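> My file is protein35.tsv. It has TSV, C-alpha atoms:
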chain	number	residue	atom	x	y	z
Z	1	MET	CA	3.96	19.32	2.81
Z	2	PRO	CA	4.52	17.17	-0.31
Z	3	ASN	CA	7.12	14.41	-0.07
Z	4	PRO	CA	9.47	14.66	-3.09
Z	5	ALA	CA	10.38	10.98	-2.87
Z	6	LEU	CA	6.74	9.90	-2.95
Z	7	GLU	CA	5.94	12.29	-5.79
Z	8	ALA	CA	8.86	10.92	-7.80
Z	9	ALA	CA	7.66	7.36	-7.16
Z	10	HIS	CA	4.19	8.33	-8.38
Z	11	ARG	CA	5.66	9.79	-11.56
Z	12	ALA	CA	7.40	6.45	-12.15
Z	13	VAL	CA	4.01	4.72	-12.42
Z	14	PRO	CA	2.53	5.52	-15.88
Z	15	GLU	CA	-1.10	5.37	-14.75
Z	16	ILE	CA	-0.52	7.76	-11.85
Z	17	ALA	CA	1.67	10.05	-13.94
Z	18	GLU	CA	-1.09	10.28	-16.55
Z	19	TRP	CA	-3.67	11.01	-13.85
Z	20	HIS	CA	-1.52	13.85	-12.46
Z	21	ASP	CA	-1.04	15.27	-15.96
Z	22	ARG	CA	-4.79	15.29	-16.62
Z	23	LYS	CA	-5.46	16.82	-13.23
Z	24	GLN	CA	-3.06	19.69	-13.94
Z	25	ARG	CA	-4.45	20.30	-17.44
Z	26	ILE	CA	-8.02	20.46	-16.17
Z	27	ALA	CA	-7.00	22.81	-13.34
Z	28	ARG	CA	-5.35	25.15	-15.87
Z	29	LEU	CA	-8.43	25.05	-18.08
Z	30	VAL	CA	-10.67	25.96	-15.15
Z	31	ARG	CA	-8.42	28.93	-14.34
Z	32	ASP	CA	-8.50	30.05	-17.97
Z	33	THR	CA	-12.30	29.80	-18.22
Z	34	PRO	CA	-13.70	32.80	-16.35
Z	35	ALA	CA	-17.03	32.69	-14.59
Z	36	VAL	CA	-19.90	34.58	-16.22
Z	37	ASP	CA	-23.11	36.06	-14.92
Z	38	SER	CA	-26.38	34.24	-15.39
Z	39	PRO	CA	-28.00	34.30	-18.85
Z	40	GLU	CA	-30.72	36.56	-17.49
Z	41	ALA	CA	-28.15	39.01	-16.13
Z	42	GLU	CA	-26.24	39.10	-19.44
Z	43	ALA	CA	-29.42	39.70	-21.42
Z	44	ARG	CA	-30.45	42.44	-18.99
Z	45	LYS	CA	-27.12	44.21	-19.54
Z	46	VAL	CA	-27.96	44.48	-23.23
Z	47	ALA	CA	-31.42	45.82	-22.41
Z	48	ASP	CA	-29.97	48.35	-19.95
Z	49	GLU	CA	-27.55	49.63	-22.57
Z	50	ALA	CA	-30.38	49.98	-25.09
Z	51	LEU	CA	-32.52	51.84	-22.57
Z	52	THR	CA	-29.69	54.23	-21.73
Z	53	GLU	CA	-29.19	54.91	-25.44
Z	54	PHE	CA	-32.92	55.50	-25.90
Z	55	LEU	CA	-33.10	57.98	-23.02
Z	56	GLU	CA	-30.13	59.90	-24.38
Z	57	THR	CA	-31.01	59.88	-28.08
Z	58	GLY	CA	-34.67	59.02	-28.22
Z	59	ALA	CA	-33.90	56.15	-30.61
Z	60	TRP	CA	-34.62	52.57	-29.59
Z	61	PRO	CA	-32.14	50.13	-31.15
Z	62	ALA	CA	-33.90	47.82	-33.56
Z	63	ASP	CA	-31.57	44.88	-32.84
Z	64	VAL	CA	-31.79	45.00	-29.04
Z	65	GLU	CA	-33.79	41.78	-28.78
Z	66	ALA	CA	-31.45	39.90	-31.06
Z	67	ARG	CA	-28.44	41.11	-29.09
Z	68	ALA	CA	-30.09	40.22	-25.77
Z	69	GLN	CA	-30.90	36.75	-27.05
Z	70	ALA	CA	-27.33	36.25	-28.23
Z	71	ALA	CA	-25.98	37.41	-24.85
Z	72	TYR	CA	-28.36	35.00	-23.10
Z	73	SER	CA	-27.20	32.09	-25.28
Z	74	ARG	CA	-23.51	32.87	-24.81
Z	75	ALA	CA	-23.91	33.05	-21.04
Z	76	ALA	CA	-25.90	29.80	-20.90
Z	77	GLY	CA	-23.25	28.01	-22.96
Z	78	ALA	CA	-20.39	29.45	-20.91
Z	79	GLN	CA	-22.07	28.45	-17.67
Z	80	ALA	CA	-22.65	24.88	-18.89
Z	81	VAL	CA	-19.03	24.52	-20.01
Z	82	ARG	CA	-17.62	25.91	-16.78
Z	83	ALA	CA	-19.94	23.72	-14.68
Z	84	ARG	CA	-18.65	20.62	-16.50
Z	85	LEU	CA	-15.03	21.70	-16.05
Z	86	LEU	CA	-15.58	22.27	-12.34
Z	87	GLU	CA	-17.19	18.84	-12.07
Z	88	ALA	CA	-14.23	17.20	-13.82
Z	89	ASN	CA	-11.79	19.14	-11.64
Z	90	GLN	CA	-13.58	17.88	-8.54
Z	91	GLU	CA	-13.37	14.30	-9.82
Z	92	TYR	CA	-9.60	14.59	-10.25
Z	93	THR	CA	-9.01	16.37	-6.95
Z	94	HIS	CA	-11.16	14.08	-4.80
Z	95	PRO	CA	-8.90	12.18	-2.35
Z	96	SER	CA	-10.59	8.83	-3.01
Z	97	THR	CA	-9.48	8.81	-6.64
Z	98	MET	CA	-5.80	9.11	-5.78
Z	99	SER	CA	-6.16	6.66	-2.88
Z	100	THR	CA	-7.57	4.04	-5.22
Z	101	LEU	CA	-4.72	4.52	-7.69
Z	102	ARG	CA	-2.12	4.30	-4.95
Z	103	GLU	CA	-3.63	1.13	-3.54
Z	104	VAL	CA	-3.86	-0.56	-6.94
Z	105	HIS	CA	-0.31	0.41	-7.89
Z	106	ARG	CA	1.31	0.01	-4.47
Z	107	PRO	CA	3.85	-2.61	-5.69
Z	108	GLU	CA	5.09	-0.29	-8.44
Z	109	ILE	CA	5.34	2.67	-6.05
Z	110	LEU	CA	7.36	0.65	-3.55
Z	111	ALA	CA	9.60	-0.68	-6.32
Z	112	ALA	CA	10.28	2.90	-7.44
Z	113	LEU	CA	11.15	3.88	-3.87
Z	114	GLY	CA	13.50	0.90	-3.71
Z	115	SER	CA	15.29	2.21	-6.80
Z	116	GLN	CA	15.58	5.64	-5.20
Z	117	LEU	CA	17.10	4.07	-2.10
Z	118	ASP	CA	19.63	2.11	-4.17
Z	119	ASP	CA	20.66	5.29	-6.02
Z	120	LEU	CA	20.97	7.24	-2.77
Z	121	LEU	CA	23.17	4.63	-1.12
Z	122	ALA	CA	25.32	4.42	-4.25
Z	123	GLN	CA	25.97	8.15	-3.91
Z	124	ALA	CA	26.73	7.75	-0.21
Z	125	ARG	CA	29.31	5.01	-0.86
Z	126	LYS	CA	31.35	7.46	-2.93
Z	127	HIS	CA	32.15	9.42	0.23
Z	128	THR	CA	32.31	6.84	3.03
Z	129	SER	CA	36.00	6.07	2.55
Z	130	ASP	CA	36.97	9.76	2.82
Z	131	LEU	CA	34.78	10.12	5.91
Z	132	GLY	CA	36.61	7.41	7.81
Z	133	ALA	CA	35.43	7.09	11.42
Z	134	VAL	CA	34.04	10.64	11.59
Z	135	ARG	CA	30.32	10.77	12.38
Z	136	THR	CA	29.61	14.23	13.79
Z	137	ALA	CA	29.92	17.80	12.56
Z	138	ASP	CA	32.49	18.67	15.25
Z	139	GLU	CA	34.66	15.71	14.29
Z	140	ALA	CA	34.42	16.68	10.62
Z	141	LEU	CA	35.34	20.28	11.40
Z	142	THR	CA	38.35	19.14	13.36
Z	143	ALA	CA	39.47	16.73	10.64
Z	144	GLY	CA	38.98	19.21	7.81
Z	145	GLY	CA	40.02	18.54	4.20
Z	146	LYS	CA	38.39	15.63	2.33
Z	147	THR	CA	36.85	14.35	5.54
Z	148	ALA	CA	34.91	17.56	6.11
Z	149	GLU	CA	33.89	17.64	2.46
Z	150	ALA	CA	32.67	14.04	2.61
Z	151	TYR	CA	30.69	14.77	5.77
Z	152	THR	CA	29.02	17.76	4.13
Z	153	LYS	CA	27.99	15.73	1.10
Z	154	LEU	CA	26.69	12.85	3.21
Z	155	ARG	CA	24.75	15.15	5.50
Z	156	ALA	CA	23.01	16.60	2.45
Z	157	LEU	CA	21.75	13.09	1.61
Z	158	VAL	CA	20.15	12.44	5.02
Z	159	PRO	CA	16.92	14.39	4.30
Z	160	ALA	CA	16.50	12.39	1.09
Z	161	LEU	CA	16.82	9.17	3.10
Z	162	ALA	CA	14.18	10.41	5.54
Z	163	ASP	CA	11.88	11.26	2.62
Z	164	ILE	CA	12.26	7.79	1.12
Z	165	ARG	CA	11.48	6.08	4.43
Z	166	ALA	CA	8.48	8.34	5.08
Z	167	ALA	CA	7.23	7.66	1.55
Z	168	GLN	CA	7.78	3.93	2.12
Z	169	TRP	CA	5.47	3.82	5.12
Z	170	ASP	CA	2.99	6.14	3.42
Z	171	ALA	CA	2.80	3.70	0.51
Z	172	LEU	CA	2.67	0.59	2.70
Z	173	LYS	CA	-0.38	1.82	4.59
Z	174	MET	CA	-2.57	1.88	1.46
Z	175	GLY	CA	-5.24	-0.77	1.87
Z	176	GLU	CA	-4.14	-1.53	5.44
Z	177	LEU	CA	-5.77	-0.91	8.79
Z	178	THR	CA	-3.68	1.74	10.53
Z	179	GLY	CA	-4.86	1.83	14.14
Z	180	ALA	CA	-2.52	1.80	17.12
Z	181	SER	CA	-2.78	-1.98	17.45
Z	182	SER	CA	-2.76	-2.75	13.73
Z	183	LEU	CA	-0.20	-4.92	11.95
Z	184	TYR	CA	0.83	-1.85	9.97
Z	185	GLN	CA	1.73	0.10	13.11
Z	186	ARG	CA	3.53	-2.93	14.54
Z	187	ALA	CA	5.57	-3.22	11.35
Z	188	LYS	CA	6.38	0.50	11.30
Z	189	ASP	CA	7.58	0.49	14.90
Z	190	SER	CA	9.40	-2.84	14.67
Z	191	GLY	CA	12.68	-1.68	13.12
Z	192	PHE	CA	12.57	-4.52	10.58
Z	193	GLY	CA	11.45	-2.45	7.58
Z	194	ASP	CA	14.81	-0.88	6.71
Z	195	VAL	CA	17.32	-3.70	6.30
Z	196	GLN	CA	17.08	-7.40	5.68
Z	197	GLY	CA	18.63	-9.86	8.07
Z	198	VAL	CA	18.42	-7.94	11.35
Z	199	SER	CA	20.38	-9.98	13.90
Z	200	ASP	CA	22.03	-9.78	17.30
Z	201	ASP	CA	25.00	-8.21	15.51
Z	202	THR	CA	22.94	-5.21	14.41
Z	203	PRO	CA	24.22	-2.17	16.37
Z	204	ALA	CA	21.70	-1.11	19.01
Z	205	GLU	CA	21.82	2.56	18.01
Z	206	GLN	CA	21.10	1.68	14.38
Z	207	PHE	CA	18.22	-0.59	15.32
Z	208	LEU	CA	16.76	2.22	17.47
Z	209	ALA	CA	17.13	4.66	14.56
Z	210	MET	CA	15.11	2.31	12.37
Z	211	GLN	CA	12.44	1.86	15.04
Z	212	GLU	CA	12.04	5.59	15.55
Z	213	GLN	CA	12.73	6.63	11.94
Z	214	ARG	CA	15.46	9.03	13.07
Z	215	TYR	CA	18.33	9.22	10.61
Z	216	ASP	CA	21.72	10.89	10.63
Z	217	VAL	CA	25.06	10.63	8.84
Z	218	GLY	CA	26.12	7.68	10.98
Z	219	HIS	CA	23.01	5.73	10.07
Z	220	LEU	CA	23.35	6.59	6.39
Z	221	VAL	CA	26.96	5.35	6.36
Z	222	TRP	CA	25.96	2.17	8.17
Z	223	LEU	CA	23.18	1.51	5.65
Z	224	ALA	CA	25.56	2.07	2.76
Z	225	GLN	CA	28.05	-0.38	4.24
Z	226	THR	CA	25.63	-3.17	5.23
Z	227	GLY	CA	24.46	-3.77	1.67
Z	228	THR	CA	21.12	-5.14	2.90
Z	229	ALA	CA	19.00	-1.98	2.96
Z	230	TYR	CA	15.67	-2.45	1.23
Z	231	VAL	CA	12.11	-1.20	0.79
Z	232	PRO	CA	9.72	-4.01	1.80
Z	233	GLU	CA	7.04	-5.05	-0.65
Z	234	ASP	CA	4.31	-5.33	1.98
Z	235	VAL	CA	3.57	-5.21	5.70
Z	236	GLU	CA	3.58	-9.01	5.96
Z	237	THR	CA	7.23	-9.12	4.88
Z	238	VAL	CA	8.22	-6.90	7.80
Z	239	ILE	CA	6.12	-8.84	10.31
Z	240	SER	CA	7.59	-12.15	9.10
Z	241	ALA	CA	11.13	-10.80	9.55
Z	242	GLN	CA	10.33	-9.66	13.08
Z	243	ASP	CA	8.69	-12.97	14.01
Z	244	ALA	CA	11.65	-14.93	12.64
Z	245	TYR	CA	14.10	-12.85	14.67
Z	246	GLU	CA	12.11	-13.03	17.90
Z	247	SER	CA	11.69	-16.82	17.64
Z	248	ARG	CA	15.34	-17.48	16.74
Z	249	GLY	CA	16.16	-19.12	20.08
Z	250	SER	CA	12.96	-20.98	20.65
Z	251	VAL	CA	12.82	-24.79	20.59
Z	252	PRO	CA	10.00	-26.22	18.54
Z	253	ASP	CA	7.45	-28.35	20.34
Z	254	GLU	CA	8.34	-32.03	20.29
Z	255	ALA	CA	6.28	-34.15	17.99
Z	256	PRO	CA	4.27	-36.94	19.64
Z	257	VAL	CA	6.20	-40.23	20.02
Z	258	LEU	CA	4.87	-42.95	17.81
Z	259	ASP	CA	4.93	-46.56	19.08
Z	260	LEU	CA	6.55	-48.46	16.24
Z	261	SER	CA	6.93	-51.77	18.11
Z	262	PRO	CA	5.37	-54.76	16.34
Z	263	ILE	CA	1.81	-55.61	17.26
Z	264	VAL	CA	1.53	-59.03	18.94
Z	265	ILE	CA	-1.71	-60.88	18.30
Z	266	PRO	CA	-2.34	-63.75	20.76
Z	267	ASN	CA	-2.93	-67.20	19.32
Z	268	GLN	CA	-6.59	-68.10	19.18
Z	269	PRO	CA	-7.67	-71.77	19.38
Z	270	ALA	CA	-8.80	-73.04	16.08
Z	271	ALA	CA	-12.57	-73.25	15.72
Z	272	GLN	CA	-13.88	-76.84	15.84
Z	273	PRO	CA	-16.08	-77.79	12.92
Z	274	LYS	CA	-19.68	-78.60	13.77
Z	275	LEU	CA	-20.88	-82.08	12.78
Z	276	ALA	CA	-24.06	-82.02	10.77
Z	277	ARG	CA	-26.60	-84.81	11.20
Z	278	PRO	CA	-27.25	-87.02	8.22
Z	279	THR	CA	-30.40	-86.36	6.23
Z	280	HIS	CA	-32.26	-89.51	7.35
Z	281	GLU	CA	-31.51	-88.66	11.00
Z	282	ARG	CA	-32.95	-85.17	10.58
Z	283	ARG	CA	-36.10	-86.67	9.06
Z	284	ARG	CA	-36.52	-89.09	11.97
Z	285	VAL	CA	-36.19	-86.30	14.59
Z	286	ALA	CA	-38.69	-84.16	12.70
Z	287	ASN	CA	-41.25	-87.03	12.53
Z	288	ASP	CA	-40.88	-87.72	16.27
Z	289	ARG	CA	-41.58	-84.04	17.06
Z	290	ALA	CA	-44.63	-84.08	14.82
Z	291	ARG	CA	-46.13	-87.23	16.52
Z	292	ARG	CA	-45.60	-85.75	19.99
Z	293	ALA	CA	-47.37	-82.58	18.89
Z	294	TYR	CA	-50.51	-84.61	18.09
Can you present the structure in this file as structure tokens?

Amino acid sequence: MPNPALEAAHRAVPEIAEWHDRKQRIARLVRDTPAVDSPEAEARKVADEALTEFLETGAWPADVEARAQAAYSRAAGAQAVRARLLEANQEYTHPSTMSTLREVHRPEILAALGSQLDDLLAQARKHTSDLGAVRTADEALTAGGKTAEAYTKLRALVPALADIRAAQWDALKMGELTGASSLYQRAKDSGFGDVQGVSDDTPAEQFLAMQEQRYDVGHLVWLAQTGTAYVPEDVETVISAQDAYESRGSVPDEAPVLDLSPIVIPNQPAAQPKLARPTHERRRVANDRARRAY
């Protein structure tokens, strides 16, 4: 069943709106272009009519071949046109075409859904003061008056909220892995994709409603009053919010302690200079070595 919120978000994206318009125009054209028999069958009809006339009157129409050829040509042309229209219709109705458009324009679709959510909550705020603390149909019936009227109007908005949230997750999954252990599924089940700033002060029943995507008048009123309802721009945003909440009480690992004490280098005895022999002494030692060698 089509989701009206998602369809409205698609219409808000010019490229997708144009694609839908072309798809509808081609579909109408296909319906208005009837199928025809094969060229051979159309030409044979002309020949059959001529033969029937000949058997009844004894006169063979002189233009039968020309008429058969014209019927053949018309049928061939009609078949070629219809075949091309059917091909184009298949191109526009193939699921991959729309999937590609939705993946490319996912940010615009989600932005449009965010605008729908803002408008919906603005409508809800008009009736929250008259509703007071009433949250169920029985309480509204008992209260009567403006309270009952406010409850009726708010209850009528709940399906629209459910449509927006369903459309949100439908849009977020484009281009994502969607298995049971995927990040997408984790984000969808986390309860962090409906409002920003989930904290320990978030009512447990409202957090559960967001996790299970189950909405009622009480949840709608709570959303309208929090002022932090949103449509996330991607799966990573939801996962980051969940991680931040779940690590709120953790203590970061301590950094390694650096030894900043001064380095002490022990004193080394100064090197004693070596005394070189004079030149004449070196010559004498060399001559003595040479004489001993002989």
> Compile the contact shell of range 30-42 of chain Z as a list of chain:residue names: residues with an atom at most 6 Å away, counting only C-alpha atoms, same-chain residues fewer than 2 positions apart removed.
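Close residues of range 30-42 of chain Z: Z:Ala27, Z:Arg28, Z:Arg44, Z:Lys45, Z:Ala71, Z:Tyr72, Z:Ala75, Z:Ala76.
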> Since we have the selection now, will you write its residues out, keeping C-alpha atoms, as a PDB file, keeping the file's coordinate frame?

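Contents of part_26.pdb, as written:
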ATOM      1  CA  ALA Z  27      -7.000  22.810 -13.340  1.00  0.00           C
ATOM      2  CA  ARG Z  28      -5.350  25.150 -15.870  1.00  0.00           C
ATOM      3  CA  ARG Z  44     -30.450  42.440 -18.990  1.00  0.00           C
ATOM      4  CA  LYS Z  45     -27.120  44.210 -19.540  1.00  0.00           C
ATOM      5  CA  ALA Z  71     -25.980  37.410 -24.850  1.00  0.00           C
ATOM      6  CA  TYR Z  72     -28.360  35.000 -23.100  1.00  0.00           C
ATOM      7  CA  ALA Z  75     -23.910  33.050 -21.040  1.00  0.00           C
ATOM      8  CA  ALA Z  76     -25.900  29.800 -20.900  1.00  0.00           C
TER       9      ALA Z  76
END
> Can you tell me, as a PyMOL selection string, which residues sit within 12 Å of (6.5, -0.7, 9.3) in the file's frame, using all atoms listed in the file?
chain Z and resi 165-173+176+178+182-195+210-213+231-242
> Is it possible to get the residues within 6 Å of (-9.7, 20.4, -10.8) (coordinates as in the file, counting all atoms listed in the file) written as a list in words?
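All residues meeting the 6 Å criterion around (-9.7, 20.4, -10.8) are Ile26, Ala27, Asn89, Gln90, Tyr92 and Thr93 of chain Z.
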> What is the distance between CA of Leu208 in chain Z and CA of Leu120 in chain Z, in Å to one decimal?
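About the pair CA of Leu208 in chain Z and CA of Leu120 in chain Z: they are 21.3 Å apart.
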> Tell me, as JSON, numbers by chain, which residues lie within 8 Å of Val13 in chain Z, counting only C-alpha atoms; anything in the same chain fewer than 3 positions away does not count.
{"Z": [9, 10, 16, 17, 105, 108, 109]}
> Residues within 9 Å of Ala8 in chain Z, please, as a list of chain:residue names. Count all atoms listed in the file; anything in the same chain fewer than 4 positions from it doesn't count.
Z:Asn3, Z:Pro4, Z:Ala12, Z:Ala112, Z:Leu113, Z:Gln116
> Just checking: using all atoms listed in the file, which residue out of Z:Val217, Z:Leu6, Z:Ala66, Z:Leu110 ends up closest to Leu131 in chain Z?
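Checking each candidate against Leu131 in chain Z, we get Z:Val217 as the closest.
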> Could the centre and edge lengths of an axis-aligned box, enclosing all atoms of range 151-168 of chain Z in the file with 5 Å extra on each side, be given in Å to one decimal as JSON?

{"center_x": 19.0, "center_y": 10.8, "center_z": 3.4, "size_x": 33.5, "size_y": 23.8, "size_z": 14.7}
> Distance CA of Pro203 in chain Z-CA of Gly218 in chain Z, one decimal place?
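Separation between CA of Pro203 in chain Z and CA of Gly218 in chain Z: 11.4 Å.
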> Taking 4 positions as the minimum chain separation for residues in the same chain, which residues sit within 8 Å of Leu121 in chain Z when counting all atoms listed in the file? Answer as a ChimeraX atom specification.
/Z:117,125,220,223-224
> Write out as a ChimeraX atom specification which residues come within 10 Å of Thr226 in chain Z when counting all atoms listed in the file, dropping same-chain ones fewer than 5 positions away.
/Z:195-196,202,221
> Taking all atoms listed in the file into account, which of Z:Glu15, Z:Asp118, Z:Asp201, Z:Glu49 comes nearest Arg106 in chain Z?
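Using all atoms listed in the file, Arg106 in chain Z sits closest to Z:Glu15.
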> Between CA of Gly144 in chain Z and CA of Lys126 in chain Z, what distance in Å does the model show, to one decimal?
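We find that CA of Gly144 in chain Z and CA of Lys126 in chain Z lie 17.7 Å from each other.
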> For Glu103 in chain Z, which residue among Z:Ala180, Z:Ala43, Z:Ala124, Z:Met174 is the nearest when counting all atoms listed in the file?
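That would be Z:Met174, the residue with the smallest distance to Glu103 in chain Z.
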> Considering all atoms listed in the file, state which residue in the set Z:Asp130, Z:Asp216, Z:Asp48, Z:Asp63 is at the smallest distance from Ala143 in chain Z.
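Residue with the minimum atom-to-atom distance to Ala143 in chain Z: Z:Asp130.
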